[in-house]
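Peer 1: Below you will find the structure I want to go over with you.
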Amino acid sequence: MKRFFIAASALLAGSALAQTPDLKQIMADPQWIGPPVEEAWWQLDGEAVYYRVERKDSELHAIHRIDLASGADEVVEYAGQAGIDGVDPVVHPGTGRIVFVRDGNLFARMPGRDGLLQLTRSTDTDADPAFSPEGDRVIFRRGSQWWVHDLVDRLNWAVTDLHFEDKPDAEPEDDLAEMQLRLFESLRDQRKDQREARTEAEKAAAEDPSRSVAPWYLGEGLEPVTSSLSPDGRWLLLAVRPADHESGQTGQMPRYVTQSGYIDVEDVRTRVGRDVPAPSELWLLDLENRKKHELDFEGLPGIDTDPLAELKSEQDIAPLGEDELREVSVNGLEWHPGGELAAVQLRAIDNKDRWLAVVDTATEEPALNNRHRLTDEAWINWYFNDFGWMPDSETLWLLSEESGYSHFYTIDAHSGETEQHTSGDFEVFDPVIRQDGESVLMLTNRSHPSEYDLYRLHLDGNDLERITEHNGIESFTVRPGDDEHVLLRYSESYLPPQAALANLESGELEPLTDTRTEQFKAVEWQQPEIMPVPSSHVERPVWAKFYPARGEPAHGGDKHPVVLFVHGAGYLQNTWLRYPNYFREQMFHNLLTERGYHVLDMDFRASAGYGRDWRTAIYRKMGTPELEDLIDGVDWLVENHDADPDRVGVYGGSYGGFMAFMAMFKAPEVFHAGAALRPVTDWAHYNHFYTSNILNTPEVDPQAYKRSSPIEFAEGLEGHLLIAHGMLDDNVFYQDSVRLAQRLIELEKNHWEMASYPMEGHGFTRPDSWRDEYWRILNLFERTIGRE
């Protein structure tokens, strides 16, 4: 087949190169750059690919189709979308049948049958399709219930009708109801009739396959969390939790600029320690015999040991009792295609353990049999929890950080024998097992922490073969039965994610799209330099993006002022060769270097991409290792790049705003001007999911919160500070900045200011807000560290 591609030179085209645009243009709607390819997937016959991008001058999206023979790229209008294939197709290896979900409905491709077969059309959303062992039926979930579609008879039917309430004819549980039944024969007769009707309905449903499934009453007080139906339709794994789980008081967010002219108040999230996740129970329901097996967690290693016992004792909190078990949540359920074995991933609610267990339904009393435990004295990562079954084998595969980095393992489901297939100081992402079970495609940054490429793991010998050498692969998609090409998304420092084909043998990339505008391509952007900054605290370097000054120092001397940019999210990587998470900031850095500033963007300790120890270095002390790394960055610039140690600024948003505070408050001798955007000022006011991993909870570990919260160190402010915050921020509350402002007022601090944005949330959406915020940042640096 002829393959369509754009020459690499075309991607770098721009006959007339322009200088860095002004601040207003940089902060304009990203449409001026060109929309990134957000998703790309195959047409299943291999003749075309689809991709999704934002429409021009709209927040809505369009689907494009590229014909691979001609290269024609056309928008697929709604009328044409009825016949397109969907993402994440599921293949039955024996029959070659394929099923997928598109727009909440099920579709299938059947060998020997032309065209697309639509299986369901419903206002409900269908999800989680899988094939029966023989491939003649598709099971799927609709809401909290499970259904079957017979591909031969073309019939859909529900296999569950679960009700989380007591049976209508159950024995009374309160005195009044008991008295009513004792006094009135008519009520006793009524209940007898109800019981008889229910029993008969259950019998009829079990014996007459043409009838609907009978309701199953599972009792009050619980609610479903997740479930998974076995491929043969007999067994249902069901995780439940208390329905009346107590949560703390929610935050309240006022909206001052409204269409009505009145203030609206919205309830938003609770704070850490005040909405602890409800613990799960796990049931195995035998749908054929209507029998419930409650799966006990007692056999999980470490489940009866409290890892926080010492911290709790310091706060006079009772640790786990002698006969108590730690609470867990169910993270994932995965049935073996044969239908008898199921894998269950569980996570301790205290964040310290993750287990992978197997349930064998062929045993008389099914139970959880642990096969892998990952434990961490800090916290289990919220990434790298992928697992599944190897093809044609009762072997599990999983990712685990147990070696210190995310690597690929297999485990015998019966013996628990484990084999590690990849190793080294790099991370493995998004493994896709090839259907022959002999190799695995995956993304890794094996060549360098900043370089992400597609690799192939050969399980016979564990050879890890590099396929692409682009260094900026974002994701990839395999087409069933295609061993020649994969469809992938890739990017570069100034190239938003695009679609391309990759040849699995040569590794050659054939770009399919370039969505950038001519205006953006015409700019001669400054390429960041990936640099190892020596650390004075750990043996490894701190990798950073360095944008050296291109203009003379603004103050007329021979040394350059410095700006450190601090990325957000904490656990995030920004020093890489992909398109940056902070593309506006990267363009802003071009402006700064033209004005004579050195700019350094560091992947400080806590950042993603560098393994478990780098990630957990901040456990119980957020803001301390990161600040040490930022100071090392300043020292490196002073020693090697003619940086002025008396003219140092720092800025960042969210986690970066938190770190700007820590730099300005705890190291005022190093940092002289700072901008904290949408910043966390007190971790006790942030959410539970993120914060409890790193600092435990304020009740158990108050010292961790005290040493990690900028508001505790505000007295150290000496330099010039800008605080900027959206007033509709439901992630980091605007209240965070208001509380800190009051603290600075009471401490009688000068040279600080606060900018509030009434129409913005955590991530700004309006170009005028972006421009205003970054004008203030630029103005802060120019009048403090940029001039005499």
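Labeling convention for the structure tokens: chains A, B, ... as they appear, residues from 1 per chain, ligands from 1 in order of appearance.
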From a DSSP pass on the backbone, collect the residues of segment 62-249 of chain A flagged as strand (DSSP E) and hand them back as a ChimeraX atom specification.

Peer 2: /A:62-67,73-75,90-91,98-102,105-109,117-118,126-131,137-142,145-150,155-158,162-163,216-217,222-229,235-242

Peer 1: Could I get the residues of segment 646-753 of chain A with an atom no further than 9 Å from an atom of segment 377-391 of chain A, each paired with its nearest atom pair and that distance in Å to one decimal, using only C-alpha atoms, sorted by chain and residue number, as a Markdown table?

Peer 2:
| residue | atom | partner | partner_atom | distance |
| --- | --- | --- | --- | --- |
| A:Asn693 | CA | A:Trp379 | CA | 5.5 |
| A:Ile694 | CA | A:Trp379 | CA | 6.8 |
| A:Leu695 | CA | A:Ala378 | CA | 8.8 |

Peer 1: Just how far from atom CA of Asp350 of chain A is atom CA of Thr270 of chain A, in Å to one decimal?

Peer 2: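 Between atom CA of Thr270 of chain A and atom CA of Asp350 of chain A the gap works out to 17.9 Å.
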
Peer 1: Rounded to one decimal in Å, what is the spacing between atom CA of Gly338 of chain A and atom CA of Thr395 of chain A?

Peer 2: 12.3 Å
